[in-house]
Each structure stands twice: as structure tokens, then as C-alpha cells.
file entry27.txt (compact mmCIF, N, CA and C atoms)
# COMPACT_ATOMS: atom_id res chain seq x y z
N MET Q 1034 178.25 89.90 159.91
CA MET Q 1034 177.05 90.33 159.24
C MET Q 1034 175.87 90.47 160.21
N ALA Q 1035 176.17 90.67 161.47
CA ALA Q 1035 175.11 90.84 162.45
C ALA Q 1035 174.41 92.19 162.27
N ASP Q 1036 175.03 93.08 161.51
CA ASP Q 1036 174.49 94.41 161.29
C ASP Q 1036 173.61 94.48 160.04
N GLU Q 1037 173.29 93.33 159.45
CA GLU Q 1037 172.52 93.31 158.21
C GLU Q 1037 171.09 93.82 158.44
N LYS Q 1038 170.65 94.67 157.54
CA LYS Q 1038 169.33 95.26 157.66
C LYS Q 1038 168.31 94.45 156.86
N LYS Q 1039 167.05 94.48 157.28
CA LYS Q 1039 166.00 93.77 156.56
C LYS Q 1039 165.74 94.40 155.20
N ILE Q 1040 165.79 95.71 155.13
CA ILE Q 1040 165.46 96.42 153.90
C ILE Q 1040 166.72 97.17 153.44
N SER Q 1041 167.20 96.83 152.25
CA SER Q 1041 168.44 97.42 151.73
C SER Q 1041 168.22 98.87 151.30
N THR Q 1042 169.32 99.56 151.06
CA THR Q 1042 169.26 100.96 150.65
C THR Q 1042 168.55 101.12 149.31
N ILE Q 1043 168.80 100.21 148.39
CA ILE Q 1043 168.14 100.27 147.08
C ILE Q 1043 166.63 100.11 147.24
N ASP Q 1044 166.22 99.15 148.07
CA ASP Q 1044 164.78 98.96 148.31
C ASP Q 1044 164.17 100.19 148.96
N VAL Q 1045 164.90 100.79 149.89
CA VAL Q 1045 164.41 102.01 150.55
C VAL Q 1045 164.19 103.11 149.51
N LEU Q 1046 165.17 103.30 148.64
CA LEU Q 1046 165.03 104.34 147.61
C LEU Q 1046 163.85 104.07 146.69
N LEU Q 1047 163.71 102.83 146.25
CA LEU Q 1047 162.60 102.50 145.35
C LEU Q 1047 161.25 102.67 146.04
N MET Q 1048 161.13 102.20 147.30
CA MET Q 1048 159.85 102.32 148.00
C MET Q 1048 159.51 103.77 148.28
N VAL Q 1049 160.50 104.57 148.66
CA VAL Q 1049 160.24 105.99 148.93
C VAL Q 1049 159.85 106.71 147.64
N MET Q 1050 160.47 106.33 146.51
CA MET Q 1050 160.07 106.94 145.23
C MET Q 1050 158.63 106.61 144.89
N VAL Q 1051 158.20 105.38 145.14
CA VAL Q 1051 156.80 105.01 144.90
C VAL Q 1051 155.88 105.81 145.81
N ALA Q 1052 156.24 105.92 147.10
CA ALA Q 1052 155.39 106.63 148.06
C ALA Q 1052 155.31 108.12 147.74
N VAL Q 1053 156.44 108.73 147.41
CA VAL Q 1053 156.46 110.16 147.08
C VAL Q 1053 155.65 110.41 145.80
N SER Q 1054 155.82 109.54 144.81
CA SER Q 1054 155.05 109.68 143.56
C SER Q 1054 153.55 109.57 143.82
N ALA Q 1055 153.17 108.62 144.67
CA ALA Q 1055 151.75 108.47 145.00
C ALA Q 1055 151.23 109.69 145.76
N ASP Q 1056 152.03 110.23 146.67
CA ASP Q 1056 151.60 111.42 147.40
C ASP Q 1056 151.46 112.63 146.48
N ILE Q 1057 152.38 112.79 145.55
CA ILE Q 1057 152.29 113.91 144.60
C ILE Q 1057 151.07 113.74 143.70
N ALA Q 1058 150.85 112.52 143.21
CA ALA Q 1058 149.66 112.27 142.38
C ALA Q 1058 148.39 112.53 143.17
N GLU Q 1059 148.39 112.17 144.44
CA GLU Q 1059 147.21 112.39 145.27
C GLU Q 1059 146.93 113.88 145.45
N ILE Q 1060 147.98 114.67 145.65
CA ILE Q 1060 147.80 116.11 145.80
C ILE Q 1060 147.23 116.71 144.51
N ILE Q 1061 147.76 116.29 143.37
CA ILE Q 1061 147.28 116.81 142.08
C ILE Q 1061 145.82 116.39 141.84
N LEU Q 1062 145.51 115.13 142.12
CA LEU Q 1062 144.14 114.66 141.91
C LEU Q 1062 143.17 115.32 142.88
N ASP Q 1063 143.59 115.55 144.13
CA ASP Q 1063 142.72 116.24 145.08
C ASP Q 1063 142.48 117.69 144.66
N ALA Q 1064 143.51 118.34 144.14
CA ALA Q 1064 143.37 119.74 143.72
C ALA Q 1064 142.44 119.86 142.51
N SER Q 1065 142.41 118.83 141.68
CA SER Q 1065 141.54 118.88 140.51
C SER Q 1065 140.18 118.22 140.76
N ALA Q 1066 139.93 117.86 141.99
CA ALA Q 1066 138.64 117.28 142.43
C ALA Q 1066 138.33 115.96 141.72
N LEU Q 1067 139.36 115.20 141.39
CA LEU Q 1067 139.15 113.88 140.80
C LEU Q 1067 139.26 112.81 141.87
N ASN Q 1068 138.65 111.67 141.61
CA ASN Q 1068 138.68 110.56 142.56
C ASN Q 1068 140.02 109.85 142.44
N ASP Q 1069 140.73 109.76 143.55
CA ASP Q 1069 142.05 109.16 143.55
C ASP Q 1069 142.10 107.85 144.34
N PHE Q 1070 140.94 107.32 144.70
CA PHE Q 1070 140.91 106.15 145.58
C PHE Q 1070 141.56 104.92 144.95
N GLY Q 1071 141.30 104.66 143.67
CA GLY Q 1071 141.87 103.48 143.01
C GLY Q 1071 143.38 103.53 142.92
N LEU Q 1072 143.90 104.69 142.54
CA LEU Q 1072 145.35 104.87 142.44
C LEU Q 1072 146.02 104.70 143.80
N MET Q 1073 145.41 105.26 144.82
CA MET Q 1073 146.00 105.18 146.15
C MET Q 1073 145.92 103.77 146.72
N ALA Q 1074 144.85 103.05 146.40
CA ALA Q 1074 144.73 101.66 146.85
C ALA Q 1074 145.83 100.81 146.23
N ILE Q 1075 146.12 101.04 144.96
CA ILE Q 1075 147.19 100.30 144.29
C ILE Q 1075 148.54 100.64 144.91
N ALA Q 1076 148.78 101.91 145.20
CA ALA Q 1076 150.05 102.32 145.80
C ALA Q 1076 150.21 101.71 147.20
N ASP Q 1077 149.15 101.76 148.01
CA ASP Q 1077 149.22 101.19 149.35
C ASP Q 1077 149.42 99.68 149.30
N PHE Q 1078 148.70 99.00 148.41
CA PHE Q 1078 148.86 97.56 148.28
C PHE Q 1078 150.30 97.21 147.88
N THR Q 1079 150.87 97.98 146.96
CA THR Q 1079 152.24 97.74 146.51
C THR Q 1079 153.22 97.88 147.67
N LEU Q 1080 153.07 98.93 148.46
CA LEU Q 1080 153.98 99.16 149.58
C LEU Q 1080 153.83 98.09 150.67
N VAL Q 1081 152.60 97.72 150.97
CA VAL Q 1081 152.37 96.68 151.98
C VAL Q 1081 152.94 95.35 151.51
N PHE Q 1082 152.69 95.00 150.26
CA PHE Q 1082 153.21 93.75 149.71
C PHE Q 1082 154.74 93.74 149.73
N TRP Q 1083 155.34 94.85 149.37
CA TRP Q 1083 156.80 94.98 149.33
C TRP Q 1083 157.38 94.81 150.73
N LEU Q 1084 156.79 95.47 151.71
CA LEU Q 1084 157.28 95.34 153.09
C LEU Q 1084 157.11 93.91 153.61
N LYS Q 1085 155.98 93.27 153.29
CA LYS Q 1085 155.76 91.88 153.73
C LYS Q 1085 156.80 90.95 153.09
N MET Q 1086 157.13 91.19 151.84
CA MET Q 1086 158.14 90.37 151.16
C MET Q 1086 159.51 90.53 151.81
N LYS Q 1087 159.77 91.68 152.39
CA LYS Q 1087 161.05 91.93 153.07
C LYS Q 1087 161.02 91.48 154.53
N GLY Q 1088 159.88 91.04 155.02
CA GLY Q 1088 159.78 90.55 156.38
C GLY Q 1088 159.56 91.64 157.42
N ALA Q 1089 159.12 92.80 156.98
CA ALA Q 1089 158.88 93.92 157.90
C ALA Q 1089 157.41 93.91 158.33
N LYS Q 1090 157.14 94.55 159.45
CA LYS Q 1090 155.76 94.68 159.92
C LYS Q 1090 155.10 95.84 159.16
N VAL Q 1091 153.84 95.66 158.83
CA VAL Q 1091 153.16 96.63 157.97
C VAL Q 1091 152.13 97.46 158.72
N GLY Q 1092 152.11 97.39 160.03
CA GLY Q 1092 151.12 98.13 160.81
C GLY Q 1092 151.18 99.63 160.59
N TRP Q 1093 152.38 100.18 160.46
CA TRP Q 1093 152.51 101.62 160.24
C TRP Q 1093 151.90 102.03 158.91
N VAL Q 1094 152.15 101.26 157.87
CA VAL Q 1094 151.64 101.61 156.54
C VAL Q 1094 150.12 101.45 156.49
N ILE Q 1095 149.60 100.41 157.12
CA ILE Q 1095 148.14 100.23 157.15
C ILE Q 1095 147.49 101.37 157.94
N GLY Q 1096 148.09 101.75 159.05
CA GLY Q 1096 147.58 102.89 159.82
C GLY Q 1096 147.62 104.18 159.03
N GLY Q 1097 148.69 104.37 158.26
CA GLY Q 1097 148.79 105.55 157.40
C GLY Q 1097 147.75 105.53 156.31
N GLY Q 1098 147.43 104.34 155.79
CA GLY Q 1098 146.38 104.22 154.77
C GLY Q 1098 145.02 104.60 155.32
N ILE Q 1099 144.78 104.25 156.57
CA ILE Q 1099 143.51 104.63 157.20
C ILE Q 1099 143.45 106.14 157.39
N ILE Q 1100 144.57 106.74 157.79
CA ILE Q 1100 144.61 108.20 157.95
C ILE Q 1100 144.38 108.89 156.60
N GLU Q 1101 144.88 108.29 155.52
CA GLU Q 1101 144.71 108.85 154.17
C GLU Q 1101 143.25 108.91 153.75
N LEU Q 1102 142.39 108.13 154.38
CA LEU Q 1102 140.96 108.13 154.02
C LEU Q 1102 140.23 109.35 154.55
N ILE Q 1103 140.81 110.07 155.50
CA ILE Q 1103 140.17 111.25 156.08
C ILE Q 1103 140.28 112.42 155.09
N PRO Q 1104 139.16 112.99 154.67
CA PRO Q 1104 139.21 114.10 153.71
C PRO Q 1104 139.98 115.30 154.28
N GLY Q 1105 140.80 115.90 153.45
CA GLY Q 1105 141.59 117.05 153.86
C GLY Q 1105 142.96 116.65 154.35
N ILE Q 1106 143.04 115.62 155.16
CA ILE Q 1106 144.33 115.15 155.66
C ILE Q 1106 145.05 114.35 154.59
N ASP Q 1107 144.28 113.81 153.64
CA ASP Q 1107 144.89 112.98 152.61
C ASP Q 1107 145.83 113.76 151.68
N ALA Q 1108 145.81 115.08 151.73
CA ALA Q 1108 146.73 115.87 150.92
C ALA Q 1108 148.12 115.95 151.55
N LEU Q 1109 148.24 115.56 152.81
CA LEU Q 1109 149.55 115.53 153.47
C LEU Q 1109 150.32 114.30 153.02
N PRO Q 1110 151.66 114.34 153.08
CA PRO Q 1110 152.46 113.18 152.65
C PRO Q 1110 152.52 112.07 153.71
N THR Q 1111 151.37 111.67 154.19
CA THR Q 1111 151.29 110.67 155.26
C THR Q 1111 151.88 109.33 154.81
N ARG Q 1112 151.60 108.94 153.59
CA ARG Q 1112 152.08 107.66 153.07
C ARG Q 1112 153.61 107.59 153.13
N THR Q 1113 154.28 108.65 152.72
CA THR Q 1113 155.75 108.68 152.74
C THR Q 1113 156.28 108.66 154.16
N ILE Q 1114 155.65 109.42 155.05
CA ILE Q 1114 156.11 109.50 156.44
C ILE Q 1114 155.99 108.15 157.14
N VAL Q 1115 154.84 107.49 157.00
CA VAL Q 1115 154.68 106.20 157.69
C VAL Q 1115 155.55 105.12 157.05
N LEU Q 1116 155.83 105.22 155.76
CA LEU Q 1116 156.74 104.27 155.13
C LEU Q 1116 158.15 104.42 155.70
N ILE Q 1117 158.61 105.65 155.86
CA ILE Q 1117 159.94 105.88 156.42
C ILE Q 1117 160.00 105.37 157.86
N ILE Q 1118 158.94 105.57 158.63
CA ILE Q 1118 158.89 105.04 160.00
C ILE Q 1118 158.92 103.52 159.98
N ALA Q 1119 158.16 102.89 159.10
CA ALA Q 1119 158.13 101.42 159.01
C ALA Q 1119 159.49 100.86 158.62
N ILE Q 1120 160.18 101.53 157.71
CA ILE Q 1120 161.51 101.08 157.30
C ILE Q 1120 162.49 101.23 158.46
N TYR Q 1121 162.42 102.34 159.17
CA TYR Q 1121 163.31 102.54 160.32
C TYR Q 1121 163.08 101.48 161.39
N VAL Q 1122 161.82 101.20 161.68
CA VAL Q 1122 161.48 100.18 162.69
C VAL Q 1122 162.00 98.82 162.25
N ALA Q 1123 161.88 98.50 160.96
CA ALA Q 1123 162.35 97.20 160.46
C ALA Q 1123 163.87 97.09 160.51
N ASN Q 1124 164.56 98.17 160.24
CA ASN Q 1124 166.02 98.13 160.19
C ASN Q 1124 166.70 98.36 161.53
N HIS Q 1125 165.99 98.89 162.52
CA HIS Q 1125 166.58 99.18 163.83
C HIS Q 1125 165.69 98.67 164.96
N PRO Q 1126 165.42 97.38 165.02
CA PRO Q 1126 164.51 96.88 166.06
C PRO Q 1126 165.10 96.99 167.47
N ASN Q 1127 166.40 96.91 167.61
CA ASN Q 1127 167.03 96.96 168.94
C ASN Q 1127 166.94 98.35 169.55
N LYS Q 1128 167.03 99.37 168.74
CA LYS Q 1128 166.95 100.74 169.26
C LYS Q 1128 165.60 101.00 169.91
N LEU Q 1129 164.55 100.48 169.32
CA LEU Q 1129 163.22 100.70 169.87
C LEU Q 1129 163.01 99.92 171.16
N THR Q 1130 163.51 98.70 171.23
CA THR Q 1130 163.35 97.93 172.47
C THR Q 1130 164.20 98.52 173.59
N ASP Q 1131 165.40 99.01 173.24
CA ASP Q 1131 166.24 99.66 174.26
C ASP Q 1131 165.57 100.91 174.81
N THR Q 1132 164.98 101.70 173.93
CA THR Q 1132 164.28 102.91 174.37
C THR Q 1132 163.08 102.57 175.23
N ALA Q 1133 162.34 101.54 174.84
CA ALA Q 1133 161.17 101.13 175.62
C ALA Q 1133 161.60 100.63 176.99
N GLU Q 1134 162.69 99.88 177.07
CA GLU Q 1134 163.18 99.41 178.36
C GLU Q 1134 163.62 100.57 179.25
N LYS Q 1135 164.29 101.57 178.67
CA LYS Q 1135 164.69 102.73 179.44
C LYS Q 1135 163.47 103.49 179.99
N MET Q 1136 162.45 103.60 179.16
CA MET Q 1136 161.26 104.33 179.58
C MET Q 1136 160.52 103.59 180.69
N THR Q 1137 160.42 102.26 180.57
CA THR Q 1137 159.71 101.50 181.58
C THR Q 1137 160.52 101.37 182.87
N SER Q 1138 161.85 101.32 182.78
CA SER Q 1138 162.66 101.24 183.99
C SER Q 1138 162.60 102.55 184.76
N GLY Q 1139 162.49 103.67 184.03
CA GLY Q 1139 162.35 104.96 184.70
C GLY Q 1139 160.99 105.10 185.38
N ALA Q 1140 159.99 104.47 184.85
CA ALA Q 1140 158.65 104.55 185.42
C ALA Q 1140 158.53 103.68 186.66
N LYS Q 1141 159.36 102.63 186.78
CA LYS Q 1141 159.28 101.71 187.91
C LYS Q 1141 159.90 102.29 189.17
N LYS Q 1142 160.77 103.27 189.02
CA LYS Q 1142 161.48 103.84 190.20
C LYS Q 1142 160.57 104.63 191.09

call {"tool": "encode", "arguments": {"input": "entry27.txt", "output": "C-alpha cells"}}
result
Amino acid sequence: MADEKKISTIDVLLMVMVAVSADIAEIILDASALNDFGLMAIADFTLVFWLKMKGAKVGWVIGGGIIELIPGIDALPTRTIVLIIAIYVANHPNKLTDTAEKMTSGAKK
């Protein structure tokens, strides 16, 4: 069981469904010129809390939330993209450290 992931497939599907739903709602609310800040704050808090409960780092999601505050860019599916990156980082920590080691060893030569 050394290959066990922090975030299961079911959790990934549920979190991505929440993020995609929030992004779609945000696009609709932005198009109708309604304030979507409360809804998006609840969605971001839910995703951050969920990732923390799974033991994953939440820096990507918090950074994506900050990007979502920029007018015009908030219509992009940033929340879903950073969530997928955060899940990948949580489930594949060795791949990132191996890549970083390869990059730094190439720079030392």
C-alpha cells in the first residue's frame, strides 16, 4: 500500500464537481452583473477545508482564490484548474521532487 494516494478518486470527483459548479455559477453571475463574492467565498472555503481534512497543502487553491478577485479574470475556470493542480501535487509528491532534483542538478553542471 505504498502507492496509496492522499485524495481518493471519489473525493477528486466530488471536489471537481463543486469547483466546476462554482465556476459555472460565477460565469452566469458575472454575465448578469450580480455580485458573486459570497457564493465564491463559500465555494473556496469548502475546497480549502476539504483539502486540509485530506492532509493536502492548500497554497494552490488560496492562490487561485486571490486570482479570482481580479475583475475579468474571474470568469475563467481558475478555481477548477488550481484544484486539479493541488490534487495532483498531493497525490504525486515524489514526481515533483524528482523533477526539481533533475532541474537543479542540470543547473549545477

call {"tool": "residues_near_point", "arguments": {"input": "entry27.txt", "point": "(158.2, 93.1, 156.7)", "cutoff": "12 Å", "atoms": "only C-alpha atoms", "output": "VMD selection string"}}
result
chain Q and resid 1038 to 1040 1080 to 1094 1116 1119 to 1124 1126

call {"tool": "atom_distance", "arguments": {"input": "entry27.txt", "atom1": "atom CA of Q:Ile1057", "atom2": "atom CA of Q:Met1073"}}
result
10.9 Å

call {"tool": "atom_distance", "arguments": {"input": "entry27.txt", "atom1": "atom C of Q:Thr1111", "atom2": "atom N of Q:Val1053"}}
result
8.7 Å

call {"tool": "closest_residue", "arguments": {"input": "entry27.txt", "among": "Q:Ser1054, Q:Asn1127, Q:Thr1113, Q:Thr1042", "to": "Q:Gly1097", "atoms": "only C-alpha atoms"}}
result
Q:Thr1113

call {"tool": "select_by_dssp", "arguments": {"input": "entry27.txt", "residues": "stretch 1035-1138 of chain Q", "states": "helix (DSSP H, G or I)", "output": "ChimeraX atom specification"}}
result
/Q:1042-1064,1070-1086,1092-1101,1106-1108,1111-1124,1126-1138
